[in-house]
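Written below as structure tokens is the structure these notes are about.
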Amino acid sequence: MDSAAVEPSLYTVKAVFILDNDGNRLLSKYYDPELYPSMKEQKNFETNIFNKTHKADNEISFLEGMTIVYKSSIDLFFYVVGSAQENELMLMAVLNCLFESLSQMLRKNVEKRTLLDNMDGVFLVVDEIIDGGVILESDPQQVIEKVNYRCVSEQAYGFVLFDYITGNTEDQGEKRQLL
Amino acid sequence: MIKKFDKKDEESGSGSNPFQHLEKSAVLQEARLFNETPINPRKCLHILTKIIYLLNQGEHFGTTEATEAFFAMTRLFQSNDQTLRRMCYLTIKEMANISEDVIIVTSSLTKDMTGKEDVYRGPAIRALCRITDTTMLQAIERYMKQAIVDKVPSVSSSALVSSLHMVKMSFDVVKRWVNEAQEAASSDNIMVQYHALGLLYHLRKNDRLAVTKMLNKFTKSGLKSPFAYCMMIRIASKLLEETEAGHDSPMFDFIESCLRNKHEMVVYEAASAIVHMPNCTARELAPAVSVLQLFCSSPKAALRYAAVRTLNKVAMKHPSAVTACNLDLENLITDSNRSIATLAITTLLKTGSESSVDRLMKQISSFVSEISDEFKVVVVQAISALCQKYPRKHSVMMSFLSNMLRDDGGFEYKRAIVDCIISIIEENPESKETGLAHLCEFIEDCEHTVLATKILHMLGKEGPRTPTPSKYIRFIFNRVVLESEAVRAAAVSALAKFGAQNDDLLPSVLVLMQRCMMDSDDEVRDRATFYMNVLQQKQKALNAAYIFNGLSVSVPGLEKSLHQYTLEPSEKPFDMKTVPLATAPITEQKTEIAPVATSKLPERLAPSRQDIYQEQLAAIPEFQGLGPLFKSSEPVQLTEAETEYVVRCIKHTFTNHMIFQFDCTNTLNDQLLQRVQVQMEPSESYEVLHNVPAPNLPYSQPNSCYSLVRLPEDDPTAVSCTFSCTMKYLVRDCDPNTGDPEDDGYDDEYVLEDLEVTVADHIQKVLKPNFGAAWDEIGDELEKEETFALATVRTLDEAVNNIISFLGMQPCERSDKVPENKNSHVLFLAGVFRGGHDVLVRARLALADGVTMQVTVRSTDENVVDVILASVG
């Protein structure tokens, strides 16, 4: 926040992460190798941010020298981190795009369970929005089209029946074990 | 619906995270499934997800197991399941650094990136570039060029962004794609525009002219992407800063026009750019401030935050420009986002009048407990600035700060408060007693050793000089009973200062000291014993030397000298004068009042600048046996800026010699200089003994040459001298591109500006915390006094600054600050003269037509007194 001019660069996003309501990491990506290089530092940072933000839904904060925009939904917390000099509205655009895309993909069930059931889709969405810290896409509609992912959440009964009929019980057993 | 959820939870049993108890080995075991035919996309997809999830959780994969899984994964390219393929790309990117031979997938990826399926092409490019190095990049160059100009936006964007990542690694290859990027920039897709602009800028950023041209072109053609506009604003403001162009340039007009853009993001970026420009006039700021004012009432928290943060920035330099927004800022005080509220209040504190301070302070104290430590520090800094502006308000501030001290908070926060209170005490003598009382209360229950010792030191310094010193004794002695070793030791030192200064307290202090001599810690006992013995002597000079004014030598220097002494046993006792002096503490600059990131710099004792020079010089054989380095001056420029050669000189003073270090830089890329030395012609009886040339001086690599000069011994008062300097060297022309020099060269010389040696070069600054005691310690045997009239000086401030910079001595007791509306002032200066003689100067100044100055000098050496008086006159 001190140094006057911002070096013109496309590298806008320093980190993005999704935490659950206990502050556990579900997904996180750090794009600046100099920012918290070790896993321990990253998790410390996440815990610290979580402790300071989970109580009030304030949308934006300034912690550990970083501008942080965030949003919560049921039992999930979404964070986008940028440098102190970064345009807050750009970070906001990324956060909104991430949230909207996931919301569409998960058919508005933006909660931990559905998210984890569709984790592959979530990884792909993040990959389409940010590439190495550069904003790749900011329109949720575009992101959804590019990812072209079919949500598998509300399947439970239908799939059980389907698997039963096709005799694919082994797969179901494995799935139950996992859940 | 609810029932179903319940059932699910029952099924899951332990927690609701299906990935929670994943075992790496089990997952890798499952990965063998990849080798089965036919491929089961659903199962494989699930396994890949697990692998990526594990990597994301920070699970460590060994090279062998990672490579094994990676190779198994490559088989999945046979499946045509879209999501599975996409997850393969992700796995490749995640594993690029941990698996070996990732380039095995190059051909599969190249196939996908040029294939018919548009969904695959973009991600395939990004995955491919992740595993490609410079040599392989040449092989796929053709495809990359095609991809950049592809009509499918996702392909073009992917190619552009990947190229941008590659710029760091293989600039020369990517540079060849400029034309393609140029073409992409005129795409209709907003993201492609943005990425193309970014890549073009990164490729051209060292060529200012090309950047200017590019910017002109894009500002005219009108891009659609708001991101691209933000980028252009940043480029434009950087150009403005570099070229120092006036604010009538088209760049500035462009930025200003962006204030009317329809995207808030762009408007904010433009306003922020204008605010951050150096030397912006109030008139130029006005439009930016008014858009920020509008943002203050936005329903979006991020926008309000951005606006008020930027206004806070403006308020630091142009408080008057922000006053128009005061009403909007007032509304933000109650904002539910406390960061916004804090920024609003601190901004108001800067812009508001003295009368509004009380009200704002009351408001901020209502929620100060809810905000994060980072912002609490911001508040404290704002208060500290306010105290300087309105000294009369110190009582309000003080009570507010003491309340903050009582609250919970981290170390950084407490330290900011303590620093702020200490600075108030130092600025305002009236606030001293209340301030000390608050600090006393704080150390009663303080968990931070550093702060406790700092406050004890402060008490020892200021306490004895208050009207009732006795009341602090209890607080200090409580520390001796209750705290850790470091704090106990600091408390003992503070006690000793009370005993030394106040005769009526001395007996009680001695009794307390006696108790401290029973302490379980060595350091505490040693200090107590030492002070006990000094105090019992009841001699002012001893007190001054050993209690008030501690060691003035540099600690690393002392350590080194003592080590040296133990290595070479000799009959002579160790001489303190051979130890280099501590370079006087540079008075702490007032911290900028901004929500600064509280940086977590590792605090360690860095060797001082002088210690570094000492080592560098000791490494040169010609300079052996000169004794310890006494003082190094600030660098003096001997050339104008932007000449062919840039030379600056640092003067190193030793007991009987001086070394001149010439730092030379060659700014001509077609020349190599060799055997560079500076010829010095002294005006007085100084004798040049040695020249140590710099063997080589290639383009833009600074190097140093040295000259050793003996100071005149027969005339100790000859302290000033002028040297005319000429740089002599051998020039070898060379090819600017390769840097290879030609075989033969020619001698040449270059005249430098004259170099002055003044009395300040012979004196090292030393801070005497208690000047009066030091003054008495030296005594008046060698005192001399003289009166001068400074006819050219108009104000006391100017006179004080002149004397300090001329003599190069340390002002003590804050006497460098002249109180307002006074026509007389006393300045106390302390220093050590070359050779280790203490010297103190008291200058009484009186303002009449000019300034009349009565200078009294005391020193342990008569010559020094003469030197000082002679040089002043």
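Residues in the structure tokens are named by chain (A, B, ... in the order shown) and by number from 1 within that chain; ligands are numbered from 1 in the order shown.
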
Contact set, chain A to chain B: 8 Å, only C-alpha atoms, as an NGL selection string: :A and (1-2 or 4-10 or 25-29 or 39 or 52 or 58-66 or 69 or 87-90 or 92 or 113 or 116-117 or 119-120 or 124 or 131-132 or 134 or 136-137 or 146-149 or 171 or 176 or 178-179)

Non-local contacts of range 363-366 of chain B (9 Å; only C-alpha atoms; under 5 positions in same chain excluded) as a list in words: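 Surrounding residues, per the criterion: Ile333, Thr334, Ala341, Thr342, Ile345, Asp358, Val379, Phe400, Asn403 and Met404 of chain B.
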
For those residues, write all heavy atoms to a file as a tab-separated table (two decimals), in the first residue's frame.
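In the end it all went to result16.tsv:
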chain	number	residue	atom	x	y	z
B	333	ILE	N	-18.44	5.85	9.03
B	333	ILE	CA	-17.93	5.52	10.37
B	333	ILE	C	-18.71	4.35	10.97
B	333	ILE	O	-18.16	3.54	11.70
B	333	ILE	CB	-18.02	6.76	11.29
B	333	ILE	CG1	-17.04	7.81	10.80
B	333	ILE	CG2	-17.70	6.39	12.73
B	333	ILE	CD1	-17.06	9.07	11.61
B	334	THR	N	-19.98	4.27	10.62
B	334	THR	CA	-20.80	3.21	11.20
B	334	THR	C	-20.88	1.99	10.28
B	334	THR	O	-21.70	1.11	10.48
B	334	THR	CB	-22.22	3.72	11.47
B	334	THR	OG1	-22.66	4.40	10.29
B	334	THR	CG2	-22.24	4.67	12.64
B	341	ALA	N	-14.71	1.38	8.25
B	341	ALA	CA	-14.96	2.38	9.29
B	341	ALA	C	-13.65	2.96	9.81
B	341	ALA	O	-13.50	4.18	9.97
B	341	ALA	CB	-15.75	1.75	10.42
B	342	THR	N	-12.67	2.07	10.04
B	342	THR	CA	-11.40	2.54	10.57
B	342	THR	C	-10.71	3.49	9.60
B	342	THR	O	-10.22	4.55	9.98
B	342	THR	CB	-10.46	1.35	10.83
B	342	THR	OG1	-11.20	0.34	11.47
B	342	THR	CG2	-9.29	1.77	11.67
B	345	ILE	N	-12.42	6.86	9.63
B	345	ILE	CA	-12.12	7.70	10.79
B	345	ILE	C	-10.69	8.24	10.71
B	345	ILE	O	-10.45	9.43	10.94
B	345	ILE	CB	-12.32	6.92	12.09
B	345	ILE	CG1	-13.81	6.65	12.28
B	345	ILE	CG2	-11.78	7.70	13.28
B	345	ILE	CD1	-14.18	6.03	13.58
B	358	ASP	N	-12.11	15.15	19.42
B	358	ASP	CA	-12.70	14.47	20.58
B	358	ASP	C	-13.83	13.52	20.15
B	358	ASP	O	-13.90	12.39	20.60
B	358	ASP	CB	-13.26	15.49	21.57
B	358	ASP	CG	-12.15	16.32	22.17
B	358	ASP	OD1	-11.57	15.85	23.15
B	358	ASP	OD2	-11.85	17.39	21.61
B	379	VAL	N	-4.79	2.94	13.40
B	379	VAL	CA	-5.39	3.94	14.28
B	379	VAL	C	-4.32	4.59	15.15
B	379	VAL	O	-4.26	5.82	15.27
B	379	VAL	CB	-6.47	3.28	15.17
B	379	VAL	CG1	-6.99	4.28	16.18
B	379	VAL	CG2	-7.60	2.75	14.33
B	400	PHE	N	-6.86	7.83	25.61
B	400	PHE	CA	-7.31	6.85	24.63
B	400	PHE	C	-6.29	5.74	24.47
B	400	PHE	O	-6.60	4.55	24.48
B	400	PHE	CB	-7.54	7.55	23.29
B	400	PHE	CG	-8.03	6.66	22.22
B	400	PHE	CD1	-9.35	6.26	22.19
B	400	PHE	CD2	-7.17	6.19	21.23
B	400	PHE	CE1	-9.81	5.41	21.20
B	400	PHE	CE2	-7.62	5.35	20.25
B	400	PHE	CZ	-8.94	4.95	20.24
B	403	ASN	N	-6.25	3.34	27.32
B	403	ASN	CA	-7.33	2.36	27.22
B	403	ASN	C	-6.97	1.25	26.25
B	403	ASN	O	-7.24	0.09	26.50
B	403	ASN	CB	-8.62	3.03	26.75
B	403	ASN	CG	-9.28	3.79	27.88
B	403	ASN	OD1	-9.12	3.42	29.04
B	403	ASN	ND2	-9.99	4.84	27.55
B	404	MET	N	-6.37	1.66	25.11
B	404	MET	CA	-5.98	0.66	24.12
B	404	MET	C	-4.93	-0.28	24.70
B	404	MET	O	-4.92	-1.47	24.41
B	404	MET	CB	-5.42	1.35	22.88
B	404	MET	CG	-6.47	1.93	21.99
B	404	MET	SD	-5.72	2.81	20.63
B	404	MET	CE	-5.99	1.70	19.28

Residue contacts of Asn118 in chain A (10 Å, only C-alpha atoms) excluding same-chain residues fewer than 3 positions away, as a PyMOL selection string: (chain A and resi 102+105-106+112-115+121-123+149-153) or (chain B and resi 46+49)

Contacts of Ala773 in chain B within 12 Å, only C-alpha atoms, excl. fewer than 2 positions in-chain, as a PyMOL selection string: chain B and resi 497+500-501+539-550+768-771+775-779+812-813+840

Test item, strand (DSSP E) assignment across range 730-825 of chain B, answer as an MDAnalysis selection string: chainID B and resid 730:733 746:751 755:757 763:765 784:790 810:811 824:825

Expected answer as a ChimeraX atom specification: alpha helix (DSSP H) residues in range 10-158 of chain A: /A:39-53,88-105,112-117,119-129,140-147,156-158

Within 12 Å of range 729-732 of chain B using only C-alpha atoms, minus same-chain residues under 5 positions, as number ranges by chain: B: 645, 664, 666, 668-679, 693-699, 705, 739-751

Residues at most 10 Å from Met853 in chain B, counting only C-alpha atoms, excluding those fewer than 5 positions away in the same chain, as a PDB file with all heavy atoms, in the first residue's frame?
ATOM      1  N   GLU B 786      34.175  31.423  23.089  1.00  0.00           N
ATOM      2  CA  GLU B 786      34.340  32.541  22.163  1.00  0.00           C
ATOM      3  C   GLU B 786      32.970  32.942  21.640  1.00  0.00           C
ATOM      4  O   GLU B 786      32.049  32.124  21.636  1.00  0.00           O
ATOM      5  CB  GLU B 786      35.240  32.126  20.994  1.00  0.00           C
ATOM      6  CG  GLU B 786      36.262  33.187  20.638  1.00  0.00           C
ATOM      7  CD  GLU B 786      37.298  32.664  19.658  1.00  0.00           C
ATOM      8  OE1 GLU B 786      37.990  31.676  19.971  1.00  0.00           O
ATOM      9  OE2 GLU B 786      37.381  33.258  18.582  1.00  0.00           O
ATOM     10  N   THR B 787      32.847  34.176  21.228  1.00  0.00           N
ATOM     11  CA  THR B 787      31.546  34.641  20.722  1.00  0.00           C
ATOM     12  C   THR B 787      31.667  35.023  19.255  1.00  0.00           C
ATOM     13  O   THR B 787      32.665  35.626  18.846  1.00  0.00           O
ATOM     14  CB  THR B 787      31.069  35.847  21.533  1.00  0.00           C
ATOM     15  OG1 THR B 787      31.116  35.492  22.909  1.00  0.00           O
ATOM     16  CG2 THR B 787      29.644  36.202  21.161  1.00  0.00           C
ATOM     17  N   PHE B 788      30.687  34.599  18.483  1.00  0.00           N
ATOM     18  CA  PHE B 788      30.702  34.883  17.051  1.00  0.00           C
ATOM     19  C   PHE B 788      29.406  35.563  16.651  1.00  0.00           C
ATOM     20  O   PHE B 788      28.377  35.368  17.292  1.00  0.00           O
ATOM     21  CB  PHE B 788      30.826  33.588  16.232  1.00  0.00           C
ATOM     22  CG  PHE B 788      32.009  32.750  16.583  1.00  0.00           C
ATOM     23  CD1 PHE B 788      31.913  31.771  17.560  1.00  0.00           C
ATOM     24  CD2 PHE B 788      33.222  32.945  15.951  1.00  0.00           C
ATOM     25  CE1 PHE B 788      32.998  30.995  17.884  1.00  0.00           C
ATOM     26  CE2 PHE B 788      34.318  32.172  16.276  1.00  0.00           C
ATOM     27  CZ  PHE B 788      34.208  31.196  17.244  1.00  0.00           C
ATOM     28  N   ALA B 789      29.466  36.313  15.583  1.00  0.00           N
ATOM     29  CA  ALA B 789      28.231  36.888  15.050  1.00  0.00           C
ATOM     30  C   ALA B 789      27.977  36.259  13.687  1.00  0.00           C
ATOM     31  O   ALA B 789      28.842  36.283  12.808  1.00  0.00           O
ATOM     32  CB  ALA B 789      28.358  38.385  14.914  1.00  0.00           C
ATOM     33  N   LEU B 790      26.850  35.621  13.533  1.00  0.00           N
ATOM     34  CA  LEU B 790      26.514  35.020  12.245  1.00  0.00           C
ATOM     35  C   LEU B 790      25.591  35.989  11.517  1.00  0.00           C
ATOM     36  O   LEU B 790      24.385  35.989  11.722  1.00  0.00           O
ATOM     37  CB  LEU B 790      25.819  33.670  12.433  1.00  0.00           C
ATOM     38  CG  LEU B 790      26.500  32.693  13.388  1.00  0.00           C
ATOM     39  CD1 LEU B 790      25.629  31.483  13.607  1.00  0.00           C
ATOM     40  CD2 LEU B 790      27.856  32.271  12.831  1.00  0.00           C
ATOM     41  N   ALA B 799      20.436  28.561  11.955  1.00  0.00           N
ATOM     42  CA  ALA B 799      21.730  28.576  12.627  1.00  0.00           C
ATOM     43  C   ALA B 799      22.035  27.212  13.225  1.00  0.00           C
ATOM     44  O   ALA B 799      23.142  26.672  13.067  1.00  0.00           O
ATOM     45  CB  ALA B 799      21.724  29.647  13.727  1.00  0.00           C
ATOM     46  N   SER B 824      16.008  33.046  21.889  1.00  0.00           N
ATOM     47  CA  SER B 824      17.308  32.511  22.299  1.00  0.00           C
ATOM     48  C   SER B 824      17.186  31.002  22.442  1.00  0.00           C
ATOM     49  O   SER B 824      16.092  30.474  22.643  1.00  0.00           O
ATOM     50  CB  SER B 824      17.744  33.139  23.618  1.00  0.00           C
ATOM     51  OG  SER B 824      16.860  32.740  24.627  1.00  0.00           O
ATOM     52  N   HIS B 825      18.314  30.341  22.318  1.00  0.00           N
ATOM     53  CA  HIS B 825      18.277  28.873  22.353  1.00  0.00           C
ATOM     54  C   HIS B 825      19.655  28.356  22.738  1.00  0.00           C
ATOM     55  O   HIS B 825      20.667  28.996  22.463  1.00  0.00           O
ATOM     56  CB  HIS B 825      17.883  28.335  20.975  1.00  0.00           C
ATOM     57  CG  HIS B 825      17.763  26.837  20.937  1.00  0.00           C
ATOM     58  ND1 HIS B 825      16.771  26.171  21.606  1.00  0.00           N
ATOM     59  CD2 HIS B 825      18.516  25.888  20.329  1.00  0.00           C
ATOM     60  CE1 HIS B 825      16.922  24.871  21.403  1.00  0.00           C
ATOM     61  NE2 HIS B 825      17.971  24.679  20.634  1.00  0.00           N
ATOM     62  N   VAL B 826      19.680  27.201  23.397  1.00  0.00           N
ATOM     63  CA  VAL B 826      20.968  26.578  23.719  1.00  0.00           C
ATOM     64  C   VAL B 826      21.040  25.237  23.004  1.00  0.00           C
ATOM     65  O   VAL B 826      20.116  24.426  23.081  1.00  0.00           O
ATOM     66  CB  VAL B 826      21.124  26.364  25.234  1.00  0.00           C
ATOM     67  CG1 VAL B 826      22.540  25.893  25.537  1.00  0.00           C
ATOM     68  CG2 VAL B 826      20.822  27.637  25.986  1.00  0.00           C
ATOM     69  N   ARG B 842      28.781  23.546  23.743  1.00  0.00           N
ATOM     70  CA  ARG B 842      27.535  24.186  24.119  1.00  0.00           C
ATOM     71  C   ARG B 842      27.476  25.508  23.380  1.00  0.00           C
ATOM     72  O   ARG B 842      28.385  26.328  23.496  1.00  0.00           O
ATOM     73  CB  ARG B 842      27.504  24.427  25.629  1.00  0.00           C
ATOM     74  CG  ARG B 842      26.174  24.985  26.112  1.00  0.00           C
ATOM     75  CD  ARG B 842      26.215  25.251  27.587  1.00  0.00           C
ATOM     76  NE  ARG B 842      27.147  26.341  27.874  1.00  0.00           N
ATOM     77  CZ  ARG B 842      27.641  26.580  29.092  1.00  0.00           C
ATOM     78  NH1 ARG B 842      27.319  25.792  30.105  1.00  0.00           N
ATOM     79  NH2 ARG B 842      28.475  27.586  29.291  1.00  0.00           N
ATOM     80  N   ALA B 843      26.447  25.691  22.606  1.00  0.00           N
ATOM     81  CA  ALA B 843      26.338  26.935  21.845  1.00  0.00           C
ATOM     82  C   ALA B 843      25.097  27.685  22.291  1.00  0.00           C
ATOM     83  O   ALA B 843      23.992  27.164  22.186  1.00  0.00           O
ATOM     84  CB  ALA B 843      26.262  26.625  20.350  1.00  0.00           C
ATOM     85  N   ARG B 844      25.303  28.870  22.818  1.00  0.00           N
ATOM     86  CA  ARG B 844      24.162  29.711  23.192  1.00  0.00           C
ATOM     87  C   ARG B 844      23.882  30.641  22.037  1.00  0.00           C
ATOM     88  O   ARG B 844      24.762  31.368  21.573  1.00  0.00           O
ATOM     89  CB  ARG B 844      24.511  30.544  24.433  1.00  0.00           C
ATOM     90  CG  ARG B 844      24.575  29.754  25.701  1.00  0.00           C
ATOM     91  CD  ARG B 844      24.355  30.697  26.885  1.00  0.00           C
ATOM     92  NE  ARG B 844      24.181  29.965  28.110  1.00  0.00           N
ATOM     93  CZ  ARG B 844      25.173  29.697  28.966  1.00  0.00           C
ATOM     94  NH1 ARG B 844      26.392  30.124  28.691  1.00  0.00           N
ATOM     95  NH2 ARG B 844      24.935  29.015  30.056  1.00  0.00           N
ATOM     96  N   LEU B 845      22.661  30.616  21.553  1.00  0.00           N
ATOM     97  CA  LEU B 845      22.310  31.422  20.401  1.00  0.00           C
ATOM     98  C   LEU B 845      21.306  32.482  20.803  1.00  0.00           C
ATOM     99  O   LEU B 845      20.403  32.218  21.600  1.00  0.00           O
ATOM    100  CB  LEU B 845      21.666  30.539  19.323  1.00  0.00           C
ATOM    101  CG  LEU B 845      22.519  29.382  18.830  1.00  0.00           C
ATOM    102  CD1 LEU B 845      21.659  28.341  18.173  1.00  0.00           C
ATOM    103  CD2 LEU B 845      23.557  29.895  17.862  1.00  0.00           C
ATOM    104  N   ALA B 846      21.494  33.669  20.256  1.00  0.00           N
ATOM    105  CA  ALA B 846      20.516  34.727  20.522  1.00  0.00           C
ATOM    106  C   ALA B 846      20.186  35.400  19.208  1.00  0.00           C
ATOM    107  O   ALA B 846      21.068  35.636  18.363  1.00  0.00           O
ATOM    108  CB  ALA B 846      21.079  35.736  21.503  1.00  0.00           C
ATOM    109  N   LEU B 847      18.924  35.657  19.002  1.00  0.00           N
ATOM    110  CA  LEU B 847      18.487  36.255  17.754  1.00  0.00           C
ATOM    111  C   LEU B 847      18.286  37.748  17.951  1.00  0.00           C
ATOM    112  O   LEU B 847      17.502  38.179  18.784  1.00  0.00           O
ATOM    113  CB  LEU B 847      17.174  35.606  17.303  1.00  0.00           C
ATOM    114  CG  LEU B 847      16.616  36.016  15.954  1.00  0.00           C
ATOM    115  CD1 LEU B 847      17.508  35.520  14.845  1.00  0.00           C
ATOM    116  CD2 LEU B 847      15.214  35.473  15.795  1.00  0.00           C
TER     117      LEU B 847
END

9 Å contact set for Asp57 in chain A, only C-alpha atoms, chain neighbours under 6 positions out, as a ChimeraX atom specification: /A:70-72 /B:337

Expected file: the selected residues, C-alpha atoms, as a short mmCIF file (atom, residue, chain, number, x, y, z; two decimals), in the first residue's frame:
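New file part31.cif:
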data_model
loop_
_atom_site.label_atom_id
_atom_site.label_comp_id
_atom_site.auth_asym_id
_atom_site.auth_seq_id
_atom_site.Cartn_x
_atom_site.Cartn_y
_atom_site.Cartn_z
CA TYR A 70 -14.03 -13.26 0.35
CA LYS A 71 -17.50 -14.67 0.33
CA SER A 72 -19.22 -17.41 2.24
CA ASN B 337 -17.13 -3.60 7.67
#

Nearest-residue call for Thr667 in chain B, choices B:Pro556, B:Pro736, B:Ser108, B:Pro319, using only C-alpha atoms: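 Answer, going by the shortest atom-to-atom distance: B:Pro736.
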